[in-house]
$ cat work-v4.txt   # compact mmCIF, C-alpha atoms and all ligand atoms
# COMPACT_ATOMS: atom_id res chain seq x y z
CA LEU A 1 0.00 0.00 0.00
CA THR A 2 1.36 3.41 -0.92
CA ILE A 3 -0.06 6.73 0.28
CA ASP A 4 0.83 9.89 -1.58
CA ASP A 5 0.76 13.61 -0.77
CA ALA A 6 1.03 13.02 3.00
CA PRO A 7 0.96 14.42 5.57
CA THR A 8 -2.25 16.22 6.39
CA THR A 9 -3.55 16.97 9.88
CA ARG A 10 -5.60 13.77 9.67
CA LEU A 11 -2.68 11.45 9.10
CA GLY A 12 -2.64 10.32 12.75
CA GLU A 13 -6.08 8.72 12.56
CA LYS A 14 -5.07 6.97 9.32
CA LEU A 15 -2.01 5.53 11.04
CA ASP A 16 -4.20 4.32 13.92
CA LEU A 17 -6.40 2.46 11.45
CA LEU A 18 -3.49 0.94 9.51
CA GLU A 19 -1.82 -0.18 12.74
CA SER A 20 -5.03 -1.74 14.05
CA LEU A 21 -5.32 -3.76 10.81
CA LYS A 22 -1.56 -4.48 10.72
CA ILE A 23 -1.25 -2.94 7.25
CA PRO A 24 2.18 -1.46 6.50
CA ALA A 25 2.33 1.43 4.06
CA LEU A 26 4.91 3.47 2.22
CA PHE A 27 4.29 7.22 2.15
CA PHE A 28 5.37 9.70 -0.50
CA SER A 29 5.50 13.28 0.74
CA THR A 30 6.00 16.57 -1.04
CA GLY A 31 8.54 18.94 0.48
CA LYS A 32 5.76 21.51 0.70
CA SER A 33 3.68 19.28 3.01
CA LEU A 34 6.72 18.11 4.95
CA LYS A 35 7.61 21.69 5.76
CA LYS A 36 4.09 22.50 6.89
CA PHE A 37 3.41 19.32 8.88
CA TYR A 38 6.90 18.20 9.83
CA THR A 39 6.01 16.76 13.24
CA ILE A 40 3.15 14.72 11.77
CA ALA A 41 5.50 13.20 9.19
CA LEU A 42 8.00 12.51 11.96
CA GLU A 43 5.33 10.66 13.91
CA ALA A 44 4.57 8.47 10.86
CA LEU A 45 8.22 7.61 10.46
CA GLU A 46 8.66 6.90 14.16
CA ARG A 47 5.66 4.60 14.02
CA GLY A 48 7.40 2.57 11.31
CA PHE A 49 5.94 4.01 8.11
CA PRO A 50 8.72 4.93 5.67
CA VAL A 51 8.45 8.28 3.90
CA GLY A 52 9.66 8.79 0.34
CA ASN A 53 10.28 11.82 -1.88
CA HIS A 54 7.39 13.15 -4.03
CA THR A 55 9.14 16.37 -5.21
CA PHE A 56 8.73 19.72 -3.47
CA SER A 57 5.75 21.31 -5.18
CA HIS A 58 4.03 18.41 -6.98
CA GLU A 59 4.63 19.66 -10.50
CA GLY A 60 4.48 17.18 -13.40
CA ALA A 61 8.05 16.37 -14.47
CA SER A 62 7.25 16.77 -18.18
CA ARG A 63 6.69 20.47 -17.49
CA LEU A 64 10.00 20.97 -15.64
CA SER A 65 13.48 21.65 -16.94
CA ILE A 66 16.24 19.36 -15.73
CA ASP A 67 17.48 22.04 -13.31
CA GLN A 68 14.01 22.68 -11.96
CA PHE A 69 13.48 18.97 -11.44
CA TYR A 70 16.80 18.67 -9.62
CA GLY A 71 15.76 21.53 -7.31
CA GLU A 72 12.40 19.89 -6.61
CA VAL A 73 14.02 16.59 -5.59
CA ALA A 74 16.97 18.13 -3.71
CA ARG A 75 14.88 20.50 -1.55
CA THR A 76 12.67 17.60 -0.49
CA ASP A 77 15.68 15.33 -0.02
CA GLU A 78 17.12 17.81 2.48
CA LEU A 79 13.92 17.80 4.52
CA LEU A 80 13.78 14.01 4.43
CA GLU A 81 17.40 13.73 5.56
CA ARG A 82 16.52 15.83 8.59
CA LEU A 83 13.35 13.81 9.20
CA TYR A 84 15.19 10.48 9.17
CA ALA A 85 17.95 11.89 11.36
CA ASP A 86 15.39 13.19 13.87
CA ALA A 87 13.67 9.78 13.88
CA LYS A 88 17.10 8.12 14.22
CA LYS A 89 16.36 5.88 11.26
CA LYS A 90 18.29 4.92 8.15
CA PRO A 91 16.86 6.92 5.21
CA VAL A 92 14.64 5.09 2.73
CA LYS A 93 15.45 6.56 -0.68
CA ALA A 94 12.22 5.97 -2.58
CA PHE A 95 10.82 8.42 -5.10
CA ARG A 96 7.49 8.80 -6.86
CA PHE A 97 6.81 11.22 -9.70
CA PRO A 98 3.65 13.32 -9.18
CA TYR A 99 0.92 11.99 -11.53
CA GLY A 100 3.32 9.19 -12.44
CA ASP A 101 4.70 11.73 -14.94
CA ARG A 102 8.16 10.34 -15.63
CA GLY A 103 8.94 13.09 -18.09
CA TRP A 104 6.41 12.52 -20.85
CA GLY A 105 2.91 12.70 -19.28
CA ASN A 106 0.69 11.05 -16.71
CA PHE A 107 0.74 7.32 -15.90
CA PRO A 108 -0.82 5.00 -16.95
CA GLU A 109 -2.37 6.90 -19.87
CA ASN A 110 1.10 7.58 -21.29
CA LEU A 111 2.72 4.23 -20.89
CA VAL A 112 5.39 4.40 -23.60
CA CYS A 113 7.88 7.26 -23.83
CA PRO A 114 7.77 8.99 -27.23
CA PRO A 115 11.21 9.19 -28.95
CA GLU A 116 11.47 12.97 -28.57
CA ARG A 117 11.19 12.68 -24.75
CA THR A 118 13.62 9.78 -24.30
CA GLN A 119 16.61 11.97 -23.45
CA HIS A 120 14.65 14.14 -21.02
CA ALA A 121 13.26 11.06 -19.26
CA ALA A 122 16.74 9.50 -19.06
CA ASP A 123 18.17 12.73 -17.60
CA LEU A 124 15.50 12.74 -14.87
CA GLN A 125 16.29 9.12 -14.00
CA GLN A 126 19.98 9.95 -13.83
CA ILE A 127 19.34 12.73 -11.32
CA LEU A 128 17.42 10.31 -9.11
CA GLN A 129 20.16 7.70 -9.32
CA LYS A 130 22.89 10.21 -8.53
CA MET A 131 20.98 11.29 -5.44
CA GLY A 132 20.82 7.70 -4.26
CA TYR A 133 17.22 6.97 -5.18
CA ALA A 134 16.33 3.45 -6.26
CA GLN A 135 13.18 1.51 -6.89
CA PRO A 136 12.33 -0.66 -3.89
CA ARG A 137 12.24 -4.39 -4.61
CA PHE A 138 8.68 -5.59 -4.83
CA THR A 139 7.94 -9.28 -4.78
CA GLY A 140 5.16 -10.97 -6.71
CA SER A 141 4.06 -10.89 -10.32
CA PHE A 142 2.56 -7.85 -11.94
CA ASP A 143 0.50 -7.03 -15.01
CA GLU A 144 2.68 -7.63 -18.13
CA ARG A 145 2.63 -3.95 -19.05
CA PHE A 146 4.28 -3.22 -15.72
CA ASN A 147 7.21 -5.48 -16.57
CA SER A 148 8.63 -3.15 -19.25
CA ASP A 149 12.35 -2.28 -19.16
CA SER A 150 11.46 1.37 -18.65
CA ILE A 151 9.53 0.60 -15.47
CA LEU A 152 11.73 -2.19 -14.13
CA ASN A 153 14.92 -0.17 -14.61
CA GLY A 154 13.47 3.05 -13.22
CA ALA A 155 14.75 4.61 -10.01
CA ASP A 156 11.17 5.68 -9.25
CA THR A 157 8.15 3.83 -7.88
CA LEU A 158 4.93 3.59 -9.87
CA TRP A 159 1.70 1.81 -8.96
CA THR A 160 -0.58 -0.82 -10.47
CA PHE A 161 -3.93 0.07 -8.88
CA ASP A 162 -5.21 3.59 -8.37
CA TYR A 163 -8.25 4.20 -6.18
CA THR A 164 -8.81 7.60 -7.90
CA GLU A 165 -10.40 8.78 -4.67
CA TYR A 166 -8.83 12.21 -5.30
CA ASN A 167 -11.69 12.70 -7.78
CA TYR A 168 -14.20 12.20 -4.99
CA ASP A 169 -17.28 14.33 -5.26
CA GLU A 170 -20.58 13.41 -3.64
CA LYS A 171 -22.51 14.06 -6.85
CA SER A 172 -20.19 13.53 -9.82
CA TYR A 173 -17.74 10.93 -8.44
CA PRO A 174 -19.33 9.29 -5.39
CA LEU A 175 -17.92 6.59 -3.12
CA SER A 176 -19.86 3.92 -5.05
CA VAL A 177 -17.87 4.70 -8.22
CA ILE A 178 -14.60 4.49 -6.30
CA LEU A 179 -15.52 1.20 -4.64
CA ASP A 180 -16.71 -0.23 -7.95
CA ARG A 181 -13.11 -0.05 -9.16
CA THR A 182 -12.12 -2.51 -6.44
CA GLU A 183 -14.69 -5.06 -7.64
CA ARG A 184 -14.53 -4.77 -11.43
CA SER A 185 -12.29 -6.94 -13.54
CA ASP A 186 -11.07 -4.76 -16.39
CA PRO A 187 -7.36 -5.44 -17.11
CA GLU A 188 -7.39 -2.97 -20.01
CA ASN A 189 -7.98 -0.20 -17.47
CA TRP A 190 -5.64 -1.65 -14.81
CA LEU A 191 -8.48 -3.03 -12.72
CA THR A 192 -7.14 -6.40 -11.61
CA LEU A 193 -7.44 -6.10 -7.86
CA ASN A 194 -9.32 -9.42 -7.68
CA ALA A 195 -7.11 -11.33 -10.11
CA PRO A 196 -5.24 -13.83 -7.88
CA GLU A 197 -2.32 -14.06 -10.33
CA TYR A 198 -1.31 -10.44 -9.85
CA SER A 199 0.32 -8.57 -7.02
CA GLN A 200 -0.52 -4.90 -6.65
CA ILE A 201 1.13 -1.65 -5.74
CA ILE A 202 -1.91 0.20 -4.48
CA LEU A 203 -2.12 3.98 -4.65
CA THR A 204 -4.20 6.08 -2.33
CA HIS A 205 -3.73 9.56 -0.89
CA ASP A 206 -3.64 11.49 2.34
CA HIS A 207 -5.88 14.34 1.20
CA ASP A 208 -8.17 16.43 3.39
CA HIS A 209 -11.16 16.23 1.09
CA SER A 210 -11.22 12.43 0.86
CA SER A 211 -10.14 11.69 4.44
CA ASP A 212 -13.65 10.60 5.42
CA LEU A 213 -13.45 7.82 2.83
CA PHE A 214 -10.09 6.48 3.92
CA GLU A 215 -11.37 4.06 6.54
CA HIS A 216 -13.96 2.66 4.15
CA LEU A 217 -11.38 2.15 1.38
CA ILE A 218 -8.89 0.48 3.68
CA ARG A 219 -11.46 -1.78 5.30
CA THR A 220 -12.59 -2.86 1.82
CA LEU A 221 -9.01 -3.85 1.04
CA ALA A 222 -8.54 -5.57 4.40
CA ALA A 223 -11.67 -7.65 3.74
CA LYS A 224 -10.05 -9.01 0.58
CA ASP A 225 -7.53 -10.97 2.63
CA PHE A 226 -4.49 -9.53 0.90
CA LEU A 227 -1.09 -10.08 2.41
CA PHE A 228 0.25 -6.55 2.84
CA ARG A 229 3.99 -6.15 2.69
CA LEU A 230 6.48 -3.36 2.43
CA PRO A 231 9.00 -3.80 -0.38
CA GLU A 232 12.69 -4.20 0.40
CA PHE A 233 14.65 -0.98 0.22
ZN ZN A 301 0.88 13.11 -5.60
$ encode --input "work-v4.txt" --output "structure tokens"
Amino acid sequence: LTIDDAPTTRLGEKLDLLESLKIPALFFSTGKSLKKFYTIALEALERGFPVGNHTFSHEGASRLSIDQFYGEVARTDELLERLYADAKKKPVKAFRFPYGDRGWGNFPENLVCPPERTQHAADLQQILQKMGYAQPRFTGSFDERFNSDSILNGADTLWTFDYTEYNYDEKSYPLSVILDRTERSDPENWLTLNAPEYSQIILTHDHDHSSDLFEHLIRTLAAKDFLFRLPEF
């Protein structure tokens, strides 16, 4: 389970729930949120939830120059270094691109890098590698499209199942639509949560506006009898 855009002021109650269900999770925080809610992020780390880098201001990497991208990662890296030192823990160097934008557009809509973006994408990956970022080692078997060289060799962490709860709106995108994604079998649209042959890297968020849904989403997952594991870093 991965949780992006943390922390918010409601992270503590989410940690309580995850701990009560014995579900480990990997967080990805923006530098912006880390700065604002530093002590909340520290609490997550001290409670055993690793925190990764999600850039400073959550800008899509295809819209950033190489220098801008470096600044985004480095500013957040500095905050994370301090966080891990304060928690007296060895830093986990995991990185996730906002929107899964690895330099040529959002994931998974833009799965294959177009030739004219290949160099830009490679330069971004090189920055991550130089700063010590690496993709954690996930066990299990994933959807074939996830096993591409580009993804497997990346220093970043993507996902295979997206709750899309950030679209939550009582009228236009209600909870029923979000929960339906957990039940439907539609491999074309990356909906394979119930396919026993696949492991999943699940994406959800620590957002204020969907915080009321969090418990429901997590309990739905817990009821599926998954074995939840952190990857090896
Ligand atoms: Zn994000």
$ closest_residue --input "work-v4.txt" --among "A:Leu18, A:Leu1, A:Leu203, A:Leu11" --to "ligand ZN 301 (chain A)" --atoms "only C-alpha atoms and all ligand atoms"
A:Leu203
$ residues_near_ligand --input "work-v4.txt" --ligand "ligand ZN 301 (chain A)" --cutoff "6 Å" --atoms "all atoms listed in the file" --output "list in words"
Asp4, Asp5 and Pro98 of chain A
$ closest_residue --input "work-v4.txt" --among "A:Ala85, A:Gly48, A:Thr157, A:Gln126" --to "Ile23 of chain A" --atoms "only C-alpha atoms"
A:Gly48
$ closest_residue --input "work-v4.txt" --among "A:Phe37, A:Phe138, A:Trp104, A:Phe226" --to "Ala122 of chain A" --atoms "all atoms listed in the file"
A:Trp104
$ residues_near_point --input "work-v4.txt" --point "(3.9, -9.5, 5.3)" --cutoff "12 Å" --atoms "only C-alpha atoms" --output "list of chain:residue names"
A:Leu1, A:Lys22, A:Ile23, A:Pro24, A:Ala25, A:Phe138, A:Thr139, A:Asp225, A:Phe226, A:Leu227, A:Phe228, A:Arg229, A:Leu230, A:Pro231, A:Glu232
$ residues_near_point --input "work-v4.txt" --point "(-1.9, -2.7, -5.2)" --cutoff "7 Å" --atoms "only C-alpha atoms" --output "number ranges by chain"
A: 1, 159-161, 199-203
